Structures are given as C-alpha cells and as structure tokens.
Amino acid sequence: MQEIKIMTERSYQTWPSWTVVYEWEDVMKSIMQCEIVDLHKGFIGNINRITRKINRKLNVIPFSFSWNPNKSIRLIWIMDARIYREYAYPNCIPIFLDFHTEMIDEIIKATQKLPYFWVTSLEIYKKIREKTDKVQYIPLSISDKWISHEVPQKDIDVIQFGRKNLVLHDFMINYCKRHPKTEYVYQTADSTLSYVSTKRGNLGKFELRSDYMKMVARCKVSLVSSPGIDNGKNFGGIDFFTPRFYESAAQYCHLIGRFTKNEEADYIGIESVCKLVESEKDFEDEMSKALQTECEKNLVAYKDFLTKNCTSVRAKELLGIIRRENA
C-alpha cells in the first residue's frame with residue numbers, strides 16, 4: 001500500500017475552530033502510523049501560499065486534483081468546499097467538511113482523477129453518490145483525549161457555546177425569567193469567543209481549546225443545534241451534526257437541542273444523547289427535568305455513543321477504505 005501523509009495547516013491557521021481538525025489529525029497519525037506534514041513548509045510551501053492568495057484574489061478557474069498511484073497519499077481536511085482549488089496539490093485526497101449542494105457538480109469534476117474522496121455529511125454523500133461512486137462518507141467525531149471516564153463536577157446550569165441558535169436562546173432567556181436562579185452562559189456574539197452569564201455577567205474570552213473544554217465540562221445542560229435548522233446556515237437544504245454534539249456528550253452534559261431528524265441522526269445515534277424540542281413547552285419540560293437529574297445517569301448511554309463516534313474509530317474506518325481501494 002502507498003505511504004500515507006497527513007497534510008496540515010496548523011502552522012498558520014490559528015483560529016480556535018481549527019484546533020478540532022488538528023486533534024483529528026493527531027489521532028489519525030497514531031492510528032495510521034504516518035507523518036503529519038505542513039502544507040506550506042519551506043521554500044516550496046511559501047510559493048504555494050503566495051499562489052493560493054493570488055488564486056483567491058483573482059478567483060481563477062477551478063482546476064482538478066491529480067493522482068499518481070506510485071506516490072504517497074496525502075490526506076487533507078478542507079473546511080470549506082468552495083475553496084477546494086487551494087488544496088488541489090498532487091495526490092491530495094480531500095476530506096470535505098462544510099459543503100453546499102451547489103458545489104456537487106464542480107467537486108465531482110475536480111476529483112474525477114482521484115480514486116476516492118470523503119464528505120462528512122450523509123445527505124451530501126447520498127446526493128453525490130447518485131453521480132459517482134468515488135465519494136466516501138465519514139461522520140465527524142470527538143478526539144479520544146476529551147472523553148471523560150467519569151462525570152466532571154458541574155457548577156454551571158446551562159450553556160450554549162459557539163454560534164447561537166436563536167430559537168433555543170429565546171427559549172432559554174424566557175426560562176431564566178421564570179426561573180431566575182438558573183444560570184445560562186452563552187457567547188456574546190458570533191465568533192467573538194467572549195461569553196456572558198445571566199448571573200455573573202461577562203466571563204471574558206475562551207480562546208484556548210483547553211479552557212473551552214473545561215467550561216463545557218462544568219455545565220449540566222448544553223443547548224445544541226444542527227446548522228441547517230431554524231433558518232441557520234444555508235447548505236442548500238441539507239443538514240448535519242457539528243462537533244458541539246460530540247463535545248457536550250464527552251463531558252456528560254444533558255443535551256437539549258433542535259436538529260433535523262434525518263438518516264444521519266439515526267446513523268450516529270443523536271437521539272440517544274440529545275432531547276429534541278419542537279416547542280417552548282417541550283423546552284420548559286425537558287429543561288426542568290434535566291436540571292433536576294444528575295448527569296451520572298448519562299454514563300451508560302453516552303459511553304456507548306462515544307465509543308462509536310470517537311476519532312480513533314473514524315481513523316480506522318478511513319484506513320480501512322484506503323487499504324481496500326489501494327489493495
């Protein structure tokens with residue numbers, strides 16, 4: 001089998017959301033026994049980085065990924081399919097995260113020389129599969145390092161971290177008005193990394209991944225949502241599940257959320273860890289129940305969910321496909 005390398009952007013992509021990708025890369029390295037290589041390292045890397053900026057500025061015509069079966073496989077996580085051309089280096093096999101349906105035909109054309117590529121949305125996978133059998137599906141996951149083996153001590157009632165679902169936010173603000181002793185922590189505005197508490201005021205910024213996960217661990221209830229619900233981010237009518245679901249479960253928070261009940265929800269077992277609420281009355285009932293229930297009751301169900309959805313399991317799935325396709 002060809003040698004595997006994982007191409008990373010960790011030397012220059014420093015926004016906290018990228019840290020999740022780097023955690024996946026580290027687990028993949030361990031499972032695949034391979035090397036992590038900086039995408040833009042050294043002189044050639046600097047040239048590539050300059051070319052990338054020029055291509056983005058000029059909006060050049062997209063080009064294709066190339067493939068040589070005699071050279072090493074270079075796996076690369078791509079955060080946004082719209083800028084795939086910036087990663088189309090020889091033998092780079094993409095794993096696409098955010099993926100709008102309008103990109104399907106273009107991505108199929110761009111990857112036609114590759115033996116396979118991955119998407120992390122089951123709905124996108126099914127749509128692409130209607131046109132090519134090269135696409136593979138790999139759900140997102142939680143790095144094994146964050147999975148607690150016991151329930152952390154909880155001293156915050158409720159959190160909604162990251163981008164707010166405004167329906168859940170309004171439900172929670174109203175709940176706090178009716179139950180003023182309840183503490184709710186949320187981000188002050190999208191992408192600010194600053195959080196505020198309904199009881200303690202401004203909590204400051206949580207820029208480090210470790211500080212962020214420590215805060216999640218302290219929370220009894222986590223409000224979560226899929227991006228396509230409630231007029232959220234538009235991916236062309238598809239919906240999927242973000243790392244927030246996995247991160248909350250890894251710290252044994254009660255999960256209350258809004259999401260699309262689709263095949264992917266069943267595949268990864270979302271409803272085994274998260275209560276879906278359709279109305280404010282549902283929310284009120286589930287929140288009161290969650291705040292009165294110890295998180296230790298989540299241990300058995302959550303461990304089963306986490307065992308199936310940890311990054312080491314995903315890495316083994318990726319490696320299995322590579323071995324099968326390159327046998």
# chains A, B, ... in the order shown; residues from 1 in each chain; ligands from 1
$ residues_around --residues "Cys92 in chain A" --least-positions-apart "4" --cutoff "12 Å" --atoms "only C-alpha atoms" --output "JSON, numbers by chain"
{"A": [4, 5, 6, 7, 8, 37, 39, 64, 65, 66, 67, 68, 69, 71, 72, 73, 74, 75, 76, 77, 78, 84, 85, 86, 87, 88, 110, 111, 113, 114, 115, 116, 117, 118]}
$ residues_around --residues "range 123-129 of chain A" --least-positions-apart "4" --cutoff "9 Å" --atoms "only C-alpha atoms" --output "list in words"
Phe99, His100, Thr101, Ile104, Asp105, Ile108, Trp118, Val119, Asp133, Lys134, Val135, Gln136, Tyr137, Ile238, Asp239, Phe240, Asn262, Glu263 and Glu264 of chain A
$ select_by_dssp --residues "range 3-116 of chain A" --states "strand (DSSP E)" --output "PyMOL selection string"
chain A and resi 4-8+35-38+73-80+92-98
$ write_last_selection --atoms "N, CA, C and O atoms" --output "mmCIF file, in the first residue's frame"
data_model
loop_
_atom_site.group_PDB
_atom_site.id
_atom_site.type_symbol
_atom_site.label_atom_id
_atom_site.label_comp_id
_atom_site.auth_asym_id
_atom_site.auth_seq_id
_atom_site.Cartn_x
_atom_site.Cartn_y
_atom_site.Cartn_z
ATOM 1 N N ILE A 4 1.177 6.909 3.514
ATOM 2 C CA ILE A 4 0.167 7.924 3.827
ATOM 3 C C ILE A 4 0.833 9.092 4.537
ATOM 4 O O ILE A 4 1.654 8.906 5.435
ATOM 5 N N LYS A 5 0.454 10.290 4.136
ATOM 6 C CA LYS A 5 0.864 11.504 4.841
ATOM 7 C C LYS A 5 -0.389 12.345 5.117
ATOM 8 O O LYS A 5 -1.317 12.351 4.303
ATOM 9 N N ILE A 6 -0.395 13.029 6.249
ATOM 10 C CA ILE A 6 -1.494 13.927 6.583
ATOM 11 C C ILE A 6 -0.993 15.349 6.429
ATOM 12 O O ILE A 6 -0.036 15.757 7.091
ATOM 13 N N MET A 7 -1.610 16.097 5.532
ATOM 14 C CA MET A 7 -1.202 17.477 5.304
ATOM 15 C C MET A 7 -1.966 18.385 6.271
ATOM 16 O O MET A 7 -3.187 18.290 6.393
ATOM 17 N N THR A 8 -1.233 19.262 6.948
ATOM 18 C CA THR A 8 -1.841 20.102 7.975
ATOM 19 C C THR A 8 -1.632 21.579 7.673
ATOM 20 O O THR A 8 -0.695 21.960 6.962
ATOM 21 N N GLU A 35 2.989 10.237 8.922
ATOM 22 C CA GLU A 35 3.621 11.519 9.189
ATOM 23 C C GLU A 35 2.620 12.654 8.966
ATOM 24 O O GLU A 35 1.771 12.592 8.080
ATOM 25 N N ILE A 36 2.710 13.704 9.814
ATOM 26 C CA ILE A 36 1.960 14.929 9.591
ATOM 27 C C ILE A 36 2.914 15.945 8.973
ATOM 28 O O ILE A 36 3.978 16.226 9.526
ATOM 29 N N VAL A 37 2.537 16.483 7.821
ATOM 30 C CA VAL A 37 3.412 17.385 7.066
ATOM 31 C C VAL A 37 2.711 18.724 6.874
ATOM 32 O O VAL A 37 1.540 18.774 6.492
ATOM 33 N N ASP A 38 3.439 19.819 7.136
ATOM 34 C CA ASP A 38 2.880 21.145 6.938
ATOM 35 C C ASP A 38 2.649 21.389 5.454
ATOM 36 O O ASP A 38 3.548 21.210 4.637
ATOM 37 N N ILE A 73 0.045 8.944 -0.549
ATOM 38 C CA ILE A 73 -1.286 9.517 -0.397
ATOM 39 C C ILE A 73 -1.204 10.671 0.598
ATOM 40 O O ILE A 73 -0.639 10.536 1.677
ATOM 41 N N ARG A 74 -1.769 11.809 0.228
ATOM 42 C CA ARG A 74 -1.717 12.986 1.096
ATOM 43 C C ARG A 74 -3.146 13.364 1.477
ATOM 44 O O ARG A 74 -3.887 13.936 0.675
ATOM 45 N N LEU A 75 -3.543 13.024 2.703
ATOM 46 C CA LEU A 75 -4.887 13.337 3.178
ATOM 47 C C LEU A 75 -4.942 14.772 3.684
ATOM 48 O O LEU A 75 -4.031 15.234 4.377
ATOM 49 N N ILE A 76 -6.015 15.483 3.351
ATOM 50 C CA ILE A 76 -6.145 16.882 3.775
ATOM 51 C C ILE A 76 -7.601 17.193 4.151
ATOM 52 O O ILE A 76 -8.520 16.875 3.409
ATOM 53 N N TRP A 77 -7.791 17.753 5.346
ATOM 54 C CA TRP A 77 -9.113 18.224 5.765
ATOM 55 C C TRP A 77 -9.359 19.590 5.127
ATOM 56 O O TRP A 77 -8.532 20.488 5.244
ATOM 57 N N ILE A 78 -10.496 19.740 4.455
ATOM 58 C CA ILE A 78 -10.855 21.015 3.828
ATOM 59 C C ILE A 78 -12.096 21.563 4.524
ATOM 60 O O ILE A 78 -13.169 20.966 4.449
ATOM 61 N N MET A 79 -11.927 22.689 5.182
ATOM 62 C CA MET A 79 -13.015 23.261 5.983
ATOM 63 C C MET A 79 -14.181 23.744 5.141
ATOM 64 O O MET A 79 -15.324 23.719 5.580
ATOM 65 N N ASP A 80 -13.912 24.212 3.938
ATOM 66 C CA ASP A 80 -14.955 24.796 3.096
ATOM 67 C C ASP A 80 -14.732 24.343 1.655
ATOM 68 O O ASP A 80 -13.719 24.688 1.040
ATOM 69 N N CYS A 92 -3.252 14.857 -3.255
ATOM 70 C CA CYS A 92 -4.020 15.271 -2.074
ATOM 71 C C CYS A 92 -5.440 14.714 -2.193
ATOM 72 O O CYS A 92 -6.154 14.990 -3.169
ATOM 73 N N ILE A 93 -5.839 13.924 -1.221
ATOM 74 C CA ILE A 93 -7.198 13.393 -1.187
ATOM 75 C C ILE A 93 -7.971 14.162 -0.122
ATOM 76 O O ILE A 93 -7.624 14.113 1.066
ATOM 77 N N PRO A 94 -9.008 14.899 -0.516
ATOM 78 C CA PRO A 94 -9.705 15.763 0.431
ATOM 79 C C PRO A 94 -10.729 15.042 1.294
ATOM 80 O O PRO A 94 -11.336 14.050 0.885
ATOM 81 N N ILE A 95 -10.883 15.575 2.508
ATOM 82 C CA ILE A 95 -11.986 15.226 3.400
ATOM 83 C C ILE A 95 -12.736 16.533 3.606
ATOM 84 O O ILE A 95 -12.277 17.422 4.332
ATOM 85 N N PHE A 96 -13.890 16.680 2.969
ATOM 86 C CA PHE A 96 -14.631 17.941 2.970
ATOM 87 C C PHE A 96 -15.550 18.050 4.188
ATOM 88 O O PHE A 96 -16.324 17.140 4.487
ATOM 89 N N LEU A 97 -15.502 19.219 4.843
ATOM 90 C CA LEU A 97 -16.422 19.489 5.950
ATOM 91 C C LEU A 97 -17.626 20.266 5.407
ATOM 92 O O LEU A 97 -18.527 19.670 4.859
ATOM 93 N N ASP A 98 -17.631 21.592 5.561
ATOM 94 C CA ASP A 98 -18.765 22.388 5.078
ATOM 95 C C ASP A 98 -18.904 22.221 3.565
ATOM 96 O O ASP A 98 -17.947 22.433 2.821
#
$ select_by_dssp --residues "range 105-253 of chain A" --states "alpha helix (DSSP H)" --output "number ranges by chain"
A: 105-110, 122-129, 166-178, 209-217, 243-250
$ write_last_selection --atoms "C-alpha atoms" --output "PDB file, in the first residue's frame"
ATOM      1  CA  ASP A 105     -21.025  19.004  -9.820  1.00  0.00           C
ATOM      2  CA  GLU A 106     -17.886  21.114  -9.518  1.00  0.00           C
ATOM      3  CA  ILE A 107     -16.361  18.877  -6.846  1.00  0.00           C
ATOM      4  CA  ILE A 108     -17.185  15.729  -8.835  1.00  0.00           C
ATOM      5  CA  LYS A 109     -15.353  17.208 -11.825  1.00  0.00           C
ATOM      6  CA  ALA A 110     -12.404  18.370  -9.703  1.00  0.00           C
ATOM      7  CA  LEU A 122     -24.549  11.807   4.906  1.00  0.00           C
ATOM      8  CA  GLU A 123     -27.078  13.861   2.934  1.00  0.00           C
ATOM      9  CA  ILE A 124     -24.316  15.296   0.719  1.00  0.00           C
ATOM     10  CA  TYR A 125     -22.814  11.804   0.352  1.00  0.00           C
ATOM     11  CA  LYS A 126     -26.128  10.408  -0.920  1.00  0.00           C
ATOM     12  CA  LYS A 127     -26.568  13.241  -3.412  1.00  0.00           C
ATOM     13  CA  ILE A 128     -23.022  12.843  -4.771  1.00  0.00           C
ATOM     14  CA  ARG A 129     -23.349   9.043  -4.801  1.00  0.00           C
ATOM     15  CA  LEU A 166     -31.821  31.951  18.311  1.00  0.00           C
ATOM     16  CA  VAL A 167     -34.875  29.775  18.959  1.00  0.00           C
ATOM     17  CA  LEU A 168     -33.102  27.904  21.763  1.00  0.00           C
ATOM     18  CA  HIS A 169     -31.606  31.165  23.022  1.00  0.00           C
ATOM     19  CA  ASP A 170     -35.015  32.837  23.272  1.00  0.00           C
ATOM     20  CA  PHE A 171     -36.466  29.755  24.963  1.00  0.00           C
ATOM     21  CA  MET A 172     -33.629  29.831  27.499  1.00  0.00           C
ATOM     22  CA  ILE A 173     -33.828  33.565  28.212  1.00  0.00           C
ATOM     23  CA  ASN A 174     -37.559  33.179  28.856  1.00  0.00           C
ATOM     24  CA  TYR A 175     -36.845  30.184  31.091  1.00  0.00           C
ATOM     25  CA  CYS A 176     -34.395  32.257  33.139  1.00  0.00           C
ATOM     26  CA  LYS A 177     -37.025  34.959  33.579  1.00  0.00           C
ATOM     27  CA  ARG A 178     -39.389  32.350  35.017  1.00  0.00           C
ATOM     28  CA  ARG A 209      -9.265  24.829  23.344  1.00  0.00           C
ATOM     29  CA  SER A 210      -8.427  23.513  26.824  1.00  0.00           C
ATOM     30  CA  ASP A 211     -10.210  26.415  28.557  1.00  0.00           C
ATOM     31  CA  TYR A 212     -13.217  25.980  26.298  1.00  0.00           C
ATOM     32  CA  MET A 213     -13.494  22.260  27.062  1.00  0.00           C
ATOM     33  CA  LYS A 214     -13.070  22.895  30.793  1.00  0.00           C
ATOM     34  CA  MET A 215     -16.037  25.254  30.618  1.00  0.00           C
ATOM     35  CA  VAL A 216     -18.145  22.664  28.782  1.00  0.00           C
ATOM     36  CA  ALA A 217     -17.226  20.110  31.453  1.00  0.00           C
ATOM     37  CA  PRO A 243     -18.648  18.785  16.910  1.00  0.00           C
ATOM     38  CA  ARG A 244     -20.700  20.526  19.624  1.00  0.00           C
ATOM     39  CA  PHE A 245     -22.919  17.455  19.947  1.00  0.00           C
ATOM     40  CA  TYR A 246     -19.904  15.205  20.490  1.00  0.00           C
ATOM     41  CA  GLU A 247     -18.082  17.644  22.793  1.00  0.00           C
ATOM     42  CA  SER A 248     -21.113  18.010  25.055  1.00  0.00           C
ATOM     43  CA  ALA A 249     -21.649  14.268  25.237  1.00  0.00           C
ATOM     44  CA  ALA A 250     -17.955  13.707  26.018  1.00  0.00           C
TER      45      ALA A 250
END
$ atom_distance --atom1 "CA of Asn70 in chain A" --atom2 "CA of Glu3 in chain A"
9.4 Å
$ residues_around --residues "Ser225 in chain A" --least-positions-apart "2" --cutoff "9 Å" --atoms "only C-alpha atoms" --output "PyMOL selection string"
chain A and resi 164-165+168+223+227-229+241-242+244-245+256-260
$ closest_residue --among "A:Met1, A:Leu140, A:Met287, A:Ile322" --to "Glu23 in chain A" --atoms "only C-alpha atoms"
A:Leu140
$ closest_residue --among "A:Gln153, A:Thr182, A:Gln33, A:Ser272" --to "Val300 in chain A" --atoms "only C-alpha atoms"
A:Ser272
$ closest_residue --among "A:Glu280, A:Asp155, A:Glu207, A:Asp304" --to "Cys219 in chain A" --atoms "only C-alpha atoms"
A:Asp155
$ closest_residue --among "A:Ser191, A:Ser197, A:Gln251, A:Ser312" --to "Arg218 in chain A" --atoms "only C-alpha atoms"
A:Gln251
